[in-house]
Amino acid sequence: MNGDIDVSRHCNAVEFADGVYWIGALDPTLRTFDIILSTANGTTYNAYLIRGSEGVAVVDTVKENFSDEFFARLESEVDYSEIKVIVLNHLEPDHTGALPELMRRAPQAKLHISQRATSMLKALLKPSSDAFAYTTVNTGDRVSLGDRTLSFLHTPFLHWPDTQCTYLEEEGILFSGDVFGCHYCDKRLFNDRVGDFRFSFDYYYAHIMRPFKKHVIDALKLIEPLTLKQIAPTHGPILRERPRRYVTHYRELSTSSLTREIGSDDHSLVIFYMSSYGNTARMAEEISEGAGGVAGVRVSIYDLEGGETEPFVDLIEEADALLFGSPTINGDAVKPVWDLLSSLAVVNLKGKIGGAFGSFGWSGEAVRMIEDRMRGLKMHIPHEGMRVKLIPTEEELDECRSFGRRIAEVLIGKRRERAVIDFAYLV
Ligand code: FEO
């Protein structure tokens with residue numbers, strides 16, 4: 001009952017608790033996952049099998065082209081006629097690729113999915129989905145395998161709307177789906193045997209879970225009270241040694257440090273800018289002064305010429321309002337501004353207040369383009385951006401201070417902005 005078996009050579013189920021088996025697949029050569037994620041160590045598609053006195057449950061399956069490996073491991077331990085329950089914690093294709101064939105081989109089995117997974121199941125299995133018996137489950141629902149009981153935790157948006165976790169009560173094992181997972185393929189399977197996978201774990205969190213921090217915190221409220229002997233995610237090592245430290249780490253990663261830094265009563269407004277001849281920089285300073293004069297608003301200002309954009313992502317995630325300043329060059333905002341704006345897909349900006357400003361020589365498109373990008377990120381743009389032709393006059397600098405002050409007043413709720421249509425309200 002351990003990971004000593006070489007799973008890269010033998011397609012057998014690997015027992016890691018009494019009657020609980022890993023029946024997943026290894027994908028060691030994968031170098032890019034979902035087009036955007038680097039996977040220096042490949043990945044695994046973990047699926048599990050639980051044998052109870054009154055039937056067998058399969059938890060999740062694998063990517064379709066790894067089906068042979070999955071079925072070989074499954075067949076090494078059970079007959080298809082024994083399968084009573086199939087649980088899908090998440091319906092993304094890397095975990096449901098083998099499902100249609102599994103349902104064909106075990107037609108008596110009943111699928112257990114979250115309520116939000118229903119439409120995805122129909123889309124996934126069309127047009128044959130009606131032939132499958134399925135039931136939707138929520139937090140507190142349980143299913144019995146005789147001497148084994150599975151209970152369900154409703155943990156949506158980790159990282160799809162459908163996601164849930166399943167807990168094997170008698171063994172204290174949490175089948176967590178993508179949560180606590182990572183793209184790290186190691187045939188030794190278990191966290192106390194594999195290499196150092198901390199980088200992969202944090203990288204996975206940063207790119208998959210980070211935009212859903214609020215939902216992570218909600219899920220942790222359900223997970224933390226559990227007796228946890230092992231965590232069995234759908235990717236990467238099975239966490240059997242000190243599993244709770246991964247739960248603690250998730251809480252740390254999902255908790256804002258800036259809130260503690262500035263106090264919950266203050267609002268954070270961050271200004272980023274680039275400047276060709278000092279004109280946009282001058283605007284940034286005056287906007288900062290105007291905003292900083294509003295009690296309860298703490299303003300930070302950064303010249304993007306001074307460094308890399310990546311360290312700013314944390315600040316942006318934790319800020320309440322963001323202003324971007326750019327000159328217009330060749331009808332566009334400048335590259336460092338776009339670099340920063342394009343790196344924000346990993347954070348949730350919905351509803352944050354945004355604004356843009358900049359000096360221009362001819363046409364001044366940059367400000368509108370930045371505003372469009374912020375709207376695309378579902379930010380709220382309460383005021384039209386500030387554009388100044390070349391060198392700002394004293395009157396225009398006054399307007400910059402006023403612009404900063406008005407944004408800050410919206411931020412603290414002192415000013416009601418005019419009605420605008422923003423993506424933040426449409427989605
Ligand atoms: Fe591993 Fe979201 O699928």
# chains A, B, ... in the order shown; residues from 1 in each chain; ligands from 1
$ residues_near_ligand --ligand "ligand 1" --cutoff "9 Å" --atoms "only C-alpha atoms and all ligand atoms" --output "VMD selection string"
chain A and resid 45 90 to 95 158 to 160 163 177 to 178 181 to 183 208 234 to 235
$ write_last_selection --atoms "N, CA, C and O atoms" --output "PDB file, in the first residue's frame"
ATOM      1  N   TYR A  45      -2.653  13.097 -14.746  1.00  0.00           N
ATOM      2  CA  TYR A  45      -4.112  13.175 -14.677  1.00  0.00           C
ATOM      3  C   TYR A  45      -4.514  12.135 -13.648  1.00  0.00           C
ATOM      4  O   TYR A  45      -4.497  10.934 -13.923  1.00  0.00           O
ATOM      5  N   HIS A  90     -14.935  17.815 -11.530  1.00  0.00           N
ATOM      6  CA  HIS A  90     -14.652  18.918 -12.450  1.00  0.00           C
ATOM      7  C   HIS A  90     -14.719  18.355 -13.859  1.00  0.00           C
ATOM      8  O   HIS A  90     -14.174  17.278 -14.113  1.00  0.00           O
ATOM      9  N   LEU A  91     -15.404  19.083 -14.757  1.00  0.00           N
ATOM     10  CA  LEU A  91     -15.668  18.493 -16.072  1.00  0.00           C
ATOM     11  C   LEU A  91     -14.740  18.971 -17.187  1.00  0.00           C
ATOM     12  O   LEU A  91     -15.003  18.724 -18.362  1.00  0.00           O
ATOM     13  N   GLU A  92     -13.652  19.626 -16.840  1.00  0.00           N
ATOM     14  CA  GLU A  92     -12.728  20.012 -17.898  1.00  0.00           C
ATOM     15  C   GLU A  92     -12.212  18.737 -18.583  1.00  0.00           C
ATOM     16  O   GLU A  92     -12.052  17.693 -17.940  1.00  0.00           O
ATOM     17  N   PRO A  93     -11.939  18.801 -19.899  1.00  0.00           N
ATOM     18  CA  PRO A  93     -11.632  17.573 -20.649  1.00  0.00           C
ATOM     19  C   PRO A  93     -10.443  16.768 -20.136  1.00  0.00           C
ATOM     20  O   PRO A  93     -10.376  15.566 -20.389  1.00  0.00           O
ATOM     21  N   ASP A  94      -9.518  17.394 -19.424  1.00  0.00           N
ATOM     22  CA  ASP A  94      -8.395  16.595 -18.910  1.00  0.00           C
ATOM     23  C   ASP A  94      -8.826  15.627 -17.808  1.00  0.00           C
ATOM     24  O   ASP A  94      -8.057  14.756 -17.403  1.00  0.00           O
ATOM     25  N   HIS A  95     -10.070  15.769 -17.354  1.00  0.00           N
ATOM     26  CA  HIS A  95     -10.579  14.845 -16.325  1.00  0.00           C
ATOM     27  C   HIS A  95     -11.816  14.079 -16.773  1.00  0.00           C
ATOM     28  O   HIS A  95     -12.329  13.242 -16.017  1.00  0.00           O
ATOM     29  N   LEU A 158     -13.285  26.935  -8.749  1.00  0.00           N
ATOM     30  CA  LEU A 158     -11.895  26.548  -8.472  1.00  0.00           C
ATOM     31  C   LEU A 158     -11.468  25.511  -9.487  1.00  0.00           C
ATOM     32  O   LEU A 158     -11.258  24.369  -9.142  1.00  0.00           O
ATOM     33  N   HIS A 159     -11.337  25.840 -10.644  1.00  0.00           N
ATOM     34  CA  HIS A 159     -11.320  27.152 -11.257  1.00  0.00           C
ATOM     35  C   HIS A 159     -12.415  27.342 -12.305  1.00  0.00           C
ATOM     36  O   HIS A 159     -12.383  28.319 -13.075  1.00  0.00           O
ATOM     37  N   TRP A 160     -13.342  26.416 -12.382  1.00  0.00           N
ATOM     38  CA  TRP A 160     -14.512  26.519 -13.253  1.00  0.00           C
ATOM     39  C   TRP A 160     -15.759  26.606 -12.365  1.00  0.00           C
ATOM     40  O   TRP A 160     -15.713  26.218 -11.186  1.00  0.00           O
ATOM     41  N   THR A 163     -16.773  23.205 -10.239  1.00  0.00           N
ATOM     42  CA  THR A 163     -15.859  22.416  -9.405  1.00  0.00           C
ATOM     43  C   THR A 163     -16.420  22.100  -8.020  1.00  0.00           C
ATOM     44  O   THR A 163     -17.116  22.896  -7.408  1.00  0.00           O
ATOM     45  N   GLY A 177      -9.990  17.642  -6.696  1.00  0.00           N
ATOM     46  CA  GLY A 177     -10.013  18.200  -8.047  1.00  0.00           C
ATOM     47  C   GLY A 177      -8.726  18.968  -8.324  1.00  0.00           C
ATOM     48  O   GLY A 177      -7.643  18.577  -7.875  1.00  0.00           O
ATOM     49  N   ASP A 178      -8.833  20.072  -9.030  1.00  0.00           N
ATOM     50  CA  ASP A 178      -7.631  20.862  -9.339  1.00  0.00           C
ATOM     51  C   ASP A 178      -7.062  21.575  -8.107  1.00  0.00           C
ATOM     52  O   ASP A 178      -5.890  21.982  -8.107  1.00  0.00           O
ATOM     53  N   GLY A 181      -3.578  21.024  -6.536  1.00  0.00           N
ATOM     54  CA  GLY A 181      -2.871  20.290  -7.573  1.00  0.00           C
ATOM     55  C   GLY A 181      -1.705  21.081  -8.125  1.00  0.00           C
ATOM     56  O   GLY A 181      -1.474  22.245  -7.765  1.00  0.00           O
ATOM     57  N   CYS A 182      -0.932  20.433  -8.985  1.00  0.00           N
ATOM     58  CA  CYS A 182       0.119  21.128  -9.719  1.00  0.00           C
ATOM     59  C   CYS A 182       0.527  20.276 -10.909  1.00  0.00           C
ATOM     60  O   CYS A 182       0.322  19.068 -10.913  1.00  0.00           O
ATOM     61  N   HIS A 183       1.095  20.945 -11.900  1.00  0.00           N
ATOM     62  CA  HIS A 183       1.583  20.203 -13.054  1.00  0.00           C
ATOM     63  C   HIS A 183       3.006  19.754 -12.756  1.00  0.00           C
ATOM     64  O   HIS A 183       3.983  20.474 -12.991  1.00  0.00           O
ATOM     65  N   ILE A 208      -3.829  29.382 -11.935  1.00  0.00           N
ATOM     66  CA  ILE A 208      -5.135  28.734 -12.005  1.00  0.00           C
ATOM     67  C   ILE A 208      -6.089  29.239 -10.924  1.00  0.00           C
ATOM     68  O   ILE A 208      -7.255  29.547 -11.177  1.00  0.00           O
ATOM     69  N   THR A 234      -6.231  16.259  -8.667  1.00  0.00           N
ATOM     70  CA  THR A 234      -6.283  15.683 -10.016  1.00  0.00           C
ATOM     71  C   THR A 234      -4.992  15.881 -10.801  1.00  0.00           C
ATOM     72  O   THR A 234      -4.855  15.321 -11.895  1.00  0.00           O
ATOM     73  N   HIS A 235      -4.085  16.707 -10.296  1.00  0.00           N
ATOM     74  CA  HIS A 235      -2.780  16.854 -10.944  1.00  0.00           C
ATOM     75  C   HIS A 235      -1.687  16.820  -9.875  1.00  0.00           C
ATOM     76  O   HIS A 235      -1.840  17.410  -8.802  1.00  0.00           O
TER      77      HIS A 235
END
$ select_by_dssp --residues "range 95-253 of chain A" --states "strand (DSSP E)" --output "ChimeraX atom specification"
/A:110-114,134-137,142-144,149-154,164-168,173-177,230-233
$ write_last_selection --atoms "N, CA and C atoms" --output "mmCIF file, in the first residue's frame"
data_model
loop_
_atom_site.group_PDB
_atom_site.id
_atom_site.type_symbol
_atom_site.label_atom_id
_atom_site.label_comp_id
_atom_site.auth_asym_id
_atom_site.auth_seq_id
_atom_site.Cartn_x
_atom_site.Cartn_y
_atom_site.Cartn_z
ATOM 1 N N LYS A 110 -23.867 5.428 -11.557
ATOM 2 C CA LYS A 110 -24.559 6.711 -11.503
ATOM 3 C C LYS A 110 -23.545 7.840 -11.326
ATOM 4 N N LEU A 111 -23.639 8.814 -12.220
ATOM 5 C CA LEU A 111 -22.740 9.975 -12.134
ATOM 6 C C LEU A 111 -23.170 10.895 -10.998
ATOM 7 N N HIS A 112 -22.193 11.435 -10.290
ATOM 8 C CA HIS A 112 -22.461 12.443 -9.254
ATOM 9 C C HIS A 112 -21.666 13.693 -9.617
ATOM 10 N N ILE A 113 -22.384 14.759 -9.884
ATOM 11 C CA ILE A 113 -21.751 16.009 -10.318
ATOM 12 C C ILE A 113 -22.383 17.173 -9.553
ATOM 13 N N SER A 114 -21.745 18.337 -9.660
ATOM 14 C CA SER A 114 -22.335 19.517 -9.031
ATOM 15 C C SER A 114 -23.482 20.035 -9.900
ATOM 16 N N TYR A 134 -27.540 10.507 -13.939
ATOM 17 C CA TYR A 134 -26.691 11.355 -13.099
ATOM 18 C C TYR A 134 -27.533 12.042 -12.046
ATOM 19 N N THR A 135 -26.851 12.427 -10.987
ATOM 20 C CA THR A 135 -27.517 13.178 -9.933
ATOM 21 C C THR A 135 -26.617 14.348 -9.556
ATOM 22 N N THR A 136 -27.233 15.439 -9.146
ATOM 23 C CA THR A 136 -26.427 16.577 -8.716
ATOM 24 C C THR A 136 -26.326 16.587 -7.198
ATOM 25 N N VAL A 137 -25.179 16.992 -6.704
ATOM 26 C CA VAL A 137 -24.923 16.964 -5.263
ATOM 27 C C VAL A 137 -24.437 18.329 -4.796
ATOM 28 N N ARG A 142 -24.353 12.989 0.724
ATOM 29 C CA ARG A 142 -23.466 11.843 0.928
ATOM 30 C C ARG A 142 -23.946 10.678 0.069
ATOM 31 N N VAL A 143 -23.006 9.820 -0.264
ATOM 32 C CA VAL A 143 -23.372 8.597 -0.966
ATOM 33 C C VAL A 143 -22.617 7.445 -0.297
ATOM 34 N N SER A 144 -23.342 6.330 -0.097
ATOM 35 C CA SER A 144 -22.765 5.203 0.643
ATOM 36 C C SER A 144 -22.290 4.116 -0.310
ATOM 37 N N THR A 149 -18.173 5.969 2.929
ATOM 38 C CA THR A 149 -19.106 7.071 2.657
ATOM 39 C C THR A 149 -18.373 8.218 1.993
ATOM 40 N N LEU A 150 -18.922 8.674 0.882
ATOM 41 C CA LEU A 150 -18.403 9.871 0.216
ATOM 42 C C LEU A 150 -19.316 11.044 0.541
ATOM 43 N N SER A 151 -18.730 12.148 0.955
ATOM 44 C CA SER A 151 -19.531 13.359 1.140
ATOM 45 C C SER A 151 -18.970 14.448 0.225
ATOM 46 N N PHE A 152 -19.818 15.409 -0.104
ATOM 47 C CA PHE A 152 -19.474 16.380 -1.147
ATOM 48 C C PHE A 152 -19.363 17.792 -0.575
ATOM 49 N N LEU A 153 -18.451 18.543 -1.149
ATOM 50 C CA LEU A 153 -18.243 19.939 -0.758
ATOM 51 C C LEU A 153 -18.445 20.803 -1.996
ATOM 52 N N HIS A 154 -19.343 21.755 -1.886
ATOM 53 C CA HIS A 154 -19.620 22.670 -2.996
ATOM 54 C C HIS A 154 -18.534 23.744 -3.016
ATOM 55 N N GLN A 164 -16.091 20.896 -7.561
ATOM 56 C CA GLN A 164 -16.462 20.463 -6.217
ATOM 57 C C GLN A 164 -15.347 19.571 -5.685
ATOM 58 N N CYS A 165 -15.408 19.268 -4.386
ATOM 59 C CA CYS A 165 -14.487 18.321 -3.767
ATOM 60 C C CYS A 165 -15.301 17.175 -3.184
ATOM 61 N N THR A 166 -14.643 16.035 -3.037
ATOM 62 C CA THR A 166 -15.306 14.853 -2.483
ATOM 63 C C THR A 166 -14.445 14.316 -1.354
ATOM 64 N N TYR A 167 -15.083 13.950 -0.246
ATOM 65 C CA TYR A 167 -14.361 13.541 0.954
ATOM 66 C C TYR A 167 -14.739 12.114 1.326
ATOM 67 N N LEU A 168 -13.738 11.286 1.468
ATOM 68 C CA LEU A 168 -13.968 9.900 1.914
ATOM 69 C C LEU A 168 -13.864 9.884 3.436
ATOM 70 N N ILE A 173 -9.711 11.216 3.435
ATOM 71 C CA ILE A 173 -9.062 11.605 2.176
ATOM 72 C C ILE A 173 -9.956 12.590 1.430
ATOM 73 N N LEU A 174 -9.359 13.714 1.059
ATOM 74 C CA LEU A 174 -10.075 14.719 0.275
ATOM 75 C C LEU A 174 -9.669 14.587 -1.186
ATOM 76 N N PHE A 175 -10.632 14.257 -2.035
ATOM 77 C CA PHE A 175 -10.406 14.260 -3.479
ATOM 78 C C PHE A 175 -10.753 15.674 -3.954
ATOM 79 N N SER A 176 -9.714 16.443 -4.221
ATOM 80 C CA SER A 176 -9.883 17.902 -4.258
ATOM 81 C C SER A 176 -10.001 18.480 -5.666
ATOM 82 N N GLY A 177 -9.990 17.642 -6.696
ATOM 83 C CA GLY A 177 -10.013 18.200 -8.047
ATOM 84 C C GLY A 177 -8.726 18.968 -8.324
ATOM 85 N N GLN A 230 -5.110 12.627 3.971
ATOM 86 C CA GLN A 230 -4.457 12.738 2.670
ATOM 87 C C GLN A 230 -5.304 13.664 1.795
ATOM 88 N N ILE A 231 -4.624 14.336 0.870
ATOM 89 C CA ILE A 231 -5.317 15.104 -0.162
ATOM 90 C C ILE A 231 -4.938 14.509 -1.507
ATOM 91 N N ALA A 232 -5.955 14.179 -2.292
ATOM 92 C CA ALA A 232 -5.726 13.528 -3.578
ATOM 93 C C ALA A 232 -6.242 14.450 -4.691
ATOM 94 N N PRO A 233 -5.366 15.303 -5.232
ATOM 95 C CA PRO A 233 -5.796 16.230 -6.286
ATOM 96 C C PRO A 233 -5.788 15.549 -7.658
#
$ select_by_dssp --residues "range 208-378 of chain A" --states "helix (DSSP H, G or I)" --output "count of residues only"
79
$ atom_distance --atom1 "CA of Met120 in chain A" --atom2 "CA of Ser342 in chain A"
28.8 Å
$ residues_around --residues "range 59-61 of chain A" --least-positions-apart "6" --cutoff "8 Å" --atoms "only C-alpha atoms" --output "number ranges by chain"
A: 24, 45-50, 70, 86-90, 94-99, 175, 234
$ write_last_selection --atoms "N, CA, C and O atoms" --output "CSV table (one decimal), in the first residue's frame"
chain,number,residue,atom,x,y,z
A,24,GLY,N,-4.7,6.8,-12.2
A,24,GLY,CA,-4.5,7.9,-13.2
A,24,GLY,C,-3.5,7.6,-14.3
A,24,GLY,O,-3.2,6.5,-14.5
A,45,TYR,N,-2.7,13.1,-14.7
A,45,TYR,CA,-4.1,13.2,-14.7
A,45,TYR,C,-4.5,12.1,-13.6
A,45,TYR,O,-4.5,10.9,-13.9
A,46,ASN,N,-4.8,12.6,-12.5
A,46,ASN,CA,-5.1,11.6,-11.4
A,46,ASN,C,-6.5,11.3,-11.3
A,46,ASN,O,-7.4,12.1,-11.4
A,47,ALA,N,-6.8,10.0,-11.3
A,47,ALA,CA,-8.1,9.5,-11.1
A,47,ALA,C,-8.0,8.4,-10.0
A,47,ALA,O,-7.0,7.9,-9.7
A,48,TYR,N,-9.2,8.2,-9.3
A,48,TYR,CA,-9.1,7.3,-8.1
A,48,TYR,C,-10.2,6.3,-8.1
A,48,TYR,O,-11.3,6.5,-8.7
A,49,LEU,N,-10.0,5.3,-7.4
A,49,LEU,CA,-11.0,4.2,-7.3
A,49,LEU,C,-11.1,3.9,-5.8
A,49,LEU,O,-10.1,3.8,-5.0
A,50,ILE,N,-12.4,3.7,-5.3
A,50,ILE,CA,-12.6,3.4,-3.9
A,50,ILE,C,-13.5,2.2,-3.8
A,50,ILE,O,-14.6,2.1,-4.4
A,70,PHE,N,-5.6,4.5,-18.1
A,70,PHE,CA,-6.6,4.6,-17.0
A,70,PHE,C,-7.4,3.3,-16.9
A,70,PHE,O,-7.6,2.7,-15.9
A,86,ILE,N,-19.8,7.0,-10.1
A,86,ILE,CA,-18.7,7.8,-10.7
A,86,ILE,C,-18.9,9.3,-10.2
A,86,ILE,O,-20.0,9.8,-10.4
A,87,VAL,N,-17.9,9.8,-9.7
A,87,VAL,CA,-17.9,11.2,-9.2
A,87,VAL,C,-17.0,12.0,-10.2
A,87,VAL,O,-15.9,11.6,-10.4
A,88,LEU,N,-17.6,13.1,-10.7
A,88,LEU,CA,-16.7,14.0,-11.4
A,88,LEU,C,-16.7,15.3,-10.6
A,88,LEU,O,-17.7,16.0,-10.5
A,89,ASN,N,-15.5,15.6,-10.1
A,89,ASN,CA,-15.3,16.8,-9.4
A,89,ASN,C,-15.2,18.0,-10.2
A,89,ASN,O,-15.4,19.2,-9.8
A,90,HIS,N,-14.9,17.8,-11.5
A,90,HIS,CA,-14.7,18.9,-12.5
A,90,HIS,C,-14.7,18.4,-13.9
A,90,HIS,O,-14.2,17.3,-14.1
A,94,ASP,N,-9.5,17.4,-19.4
A,94,ASP,CA,-8.4,16.6,-18.9
A,94,ASP,C,-8.8,15.6,-17.8
A,94,ASP,O,-8.1,14.8,-17.4
A,95,HIS,N,-10.1,15.8,-17.4
A,95,HIS,CA,-10.6,14.8,-16.3
A,95,HIS,C,-11.8,14.1,-16.8
A,95,HIS,O,-12.3,13.2,-16.0
A,96,THR,N,-12.3,14.4,-17.9
A,96,THR,CA,-13.5,13.7,-18.4
A,96,THR,C,-13.3,13.0,-19.8
A,96,THR,O,-14.3,12.5,-20.3
A,97,GLY,N,-12.1,13.0,-20.3
A,97,GLY,CA,-11.8,12.4,-21.6
A,97,GLY,C,-12.2,11.0,-21.7
A,97,GLY,O,-12.7,10.5,-22.7
A,98,ALA,N,-12.0,10.2,-20.6
A,98,ALA,CA,-12.4,8.8,-20.6
A,98,ALA,C,-13.8,8.5,-20.1
A,98,ALA,O,-14.2,7.4,-20.1
A,99,LEU,N,-14.5,9.6,-19.8
A,99,LEU,CA,-15.9,9.4,-19.2
A,99,LEU,C,-16.8,8.7,-20.2
A,99,LEU,O,-17.5,7.7,-19.8
A,175,PHE,N,-10.6,14.3,-2.0
A,175,PHE,CA,-10.4,14.3,-3.5
A,175,PHE,C,-10.8,15.7,-4.0
A,175,PHE,O,-11.9,16.0,-4.0
A,234,THR,N,-6.2,16.3,-8.7
A,234,THR,CA,-6.3,15.7,-10.0
A,234,THR,C,-5.0,15.9,-10.8
A,234,THR,O,-4.9,15.3,-11.9
$ residues_around --residues "Ala106 in chain A" --least-positions-apart "2" --cutoff "12 Å" --atoms "only C-alpha atoms" --output "list in words"
Val56, Ala57, Val58, Phe71, Leu74, Glu75, Val78, Asp79, Tyr80, Ser81, Glu82, Ile83, Lys84, Val85, Ile86, Leu99, Pro100, Glu101, Leu102, Met103, Arg104, Gln108, Ala109, Lys110, Leu111, Phe132 and Ala133 of chain A
$ atom_distance --atom1 "CA of Leu323 in chain A" --atom2 "CA of Arg210 in chain A"
22.2 Å
$ closest_residue --among "A:Gly146, A:Met369, A:Ala117, A:Cys185" --to "Pro161 in chain A" --atoms "only C-alpha atoms"
A:Ala117
$ closest_residue --among "A:Tyr204, A:Phe157, A:Tyr273, A:Tyr184" --to "Ala219 in chain A" --atoms "only C-alpha atoms"
A:Phe157
$ closest_residue --among "A:Phe324, A:Phe312, A:Trp338, A:Phe33" --to "Gly404 in chain A" --atoms "only C-alpha atoms"
A:Phe324
$ residues_around --residues "Glu365 in chain A" --least-positions-apart "6" --cutoff "8 Å" --atoms "only C-alpha atoms" --output "list in words"
Thr328, Gly331, Asp332 and Ala333 of chain A
$ write_last_selection --atoms "N, CA and C atoms" --output "tab-separated table (two decimals), in the first residue's frame"
chain	number	residue	atom	x	y	z
A	328	THR	N	0.99	59.00	-26.25
A	328	THR	CA	0.59	58.29	-27.47
A	328	THR	C	1.74	58.32	-28.45
A	331	GLY	N	0.12	56.30	-32.50
A	331	GLY	CA	-1.30	55.98	-32.33
A	331	GLY	C	-1.58	54.93	-31.29
A	332	ASP	N	-0.67	54.71	-30.36
A	332	ASP	CA	-0.85	53.61	-29.41
A	332	ASP	C	-0.27	54.02	-28.05
A	333	ALA	N	-0.69	53.29	-27.01
A	333	ALA	CA	-0.02	53.42	-25.71
A	333	ALA	C	1.33	52.73	-25.81
$ closest_atom_pairs --of "range 260-348 of chain A" --to "range 386-402 of chain A" --cutoff "9 Å" --atoms "only C-alpha atoms" --output "tab-separated table"
residue	atom	partner	partner_atom	distance
A:Tyr277	CA	A:Ile391	CA	8.8
A:Gly278	CA	A:Ile391	CA	8.6
A:Asn279	CA	A:Ile391	CA	5.6
A:Thr280	CA	A:Val388	CA	8.5
A:Arg282	CA	A:Pro392	CA	8.0
A:Met283	CA	A:Cys400	CA	6.1
A:Ala284	CA	A:Cys400	CA	7.9
A:Glu285	CA	A:Arg401	CA	8.6
A:Glu286	CA	A:Arg401	CA	5.1
A:Ile287	CA	A:Arg401	CA	4.6
A:Ser288	CA	A:Arg401	CA	7.3
A:Glu289	CA	A:Arg401	CA	6.3
A:Gly290	CA	A:Arg401	CA	4.1
A:Ala291	CA	A:Arg401	CA	7.1
$ write_last_selection --atoms "N, CA, C and O atoms" --output "JSON list (two decimals), in the first residue's frame"
[["chain", "number", "residue", "atom", "x", "y", "z"],
["A", 277, "TYR", "N", 8.61, 62.87, -22.53],
["A", 277, "TYR", "CA", 9.28, 64.16, -22.33],
["A", 277, "TYR", "C", 8.95, 64.78, -20.97],
["A", 277, "TYR", "O", 9.11, 65.97, -20.78],
["A", 278, "GLY", "N", 8.43, 63.98, -20.08],
["A", 278, "GLY", "CA", 8.12, 64.49, -18.74],
["A", 278, "GLY", "C", 6.72, 65.03, -18.60],
["A", 278, "GLY", "O", 6.30, 65.38, -17.49],
["A", 279, "ASN", "N", 5.95, 65.11, -19.70],
["A", 279, "ASN", "CA", 4.61, 65.71, -19.60],
["A", 279, "ASN", "C", 3.61, 64.77, -18.92],
["A", 279, "ASN", "O", 2.85, 65.19, -18.05],
["A", 280, "THR", "N", 3.61, 63.51, -19.32],
["A", 280, "THR", "CA", 2.72, 62.55, -18.66],
["A", 280, "THR", "C", 3.15, 62.35, -17.20],
["A", 280, "THR", "O", 2.30, 62.18, -16.31],
["A", 282, "ARG", "N", 4.40, 64.65, -15.30],
["A", 282, "ARG", "CA", 3.88, 65.83, -14.58],
["A", 282, "ARG", "C", 2.39, 65.64, -14.26],
["A", 282, "ARG", "O", 1.93, 65.96, -13.16],
["A", 283, "MET", "N", 1.69, 65.11, -15.24],
["A", 283, "MET", "CA", 0.26, 64.85, -15.02],
["A", 283, "MET", "C", 0.09, 63.84, -13.87],
["A", 283, "MET", "O", -0.78, 64.01, -13.00],
["A", 284, "ALA", "N", 0.92, 62.79, -13.89],
["A", 284, "ALA", "CA", 0.81, 61.76, -12.84],
["A", 284, "ALA", "C", 1.01, 62.36, -11.46],
["A", 284, "ALA", "O", 0.29, 62.05, -10.50],
["A", 285, "GLU", "N", 1.99, 63.23, -11.35],
["A", 285, "GLU", "CA", 2.27, 63.85, -10.04],
["A", 285, "GLU", "C", 1.10, 64.68, -9.55],
["A", 285, "GLU", "O", 0.73, 64.65, -8.37],
["A", 286, "GLU", "N", 0.50, 65.45, -10.47],
["A", 286, "GLU", "CA", -0.62, 66.31, -10.06],
["A", 286, "GLU", "C", -1.85, 65.48, -9.72],
["A", 286, "GLU", "O", -2.59, 65.77, -8.78],
["A", 287, "ILE", "N", -2.09, 64.42, -10.50],
["A", 287, "ILE", "CA", -3.22, 63.53, -10.20],
["A", 287, "ILE", "C", -3.01, 62.89, -8.83],
["A", 287, "ILE", "O", -3.93, 62.79, -8.02],
["A", 288, "SER", "N", -1.77, 62.48, -8.59],
["A", 288, "SER", "CA", -1.45, 61.87, -7.29],
["A", 288, "SER", "C", -1.71, 62.86, -6.16],
["A", 288, "SER", "O", -2.29, 62.50, -5.12],
["A", 289, "GLU", "N", -1.30, 64.09, -6.37],
["A", 289, "GLU", "CA", -1.50, 65.10, -5.32],
["A", 289, "GLU", "C", -2.99, 65.32, -5.06],
["A", 289, "GLU", "O", -3.43, 65.40, -3.91],
["A", 290, "GLY", "N", -3.76, 65.38, -6.16],
["A", 290, "GLY", "CA", -5.19, 65.58, -5.98],
["A", 290, "GLY", "C", -5.85, 64.43, -5.26],
["A", 290, "GLY", "O", -6.64, 64.61, -4.33],
["A", 291, "ALA", "N", -5.50, 63.21, -5.63],
["A", 291, "ALA", "CA", -6.11, 62.03, -5.00],
["A", 291, "ALA", "C", -5.64, 61.89, -3.55],
["A", 291, "ALA", "O", -6.42, 61.53, -2.66]]
$ atom_distance --atom1 "CA of Asp34 in chain A" --atom2 "CA of Ile238 in chain A"
21.9 Å
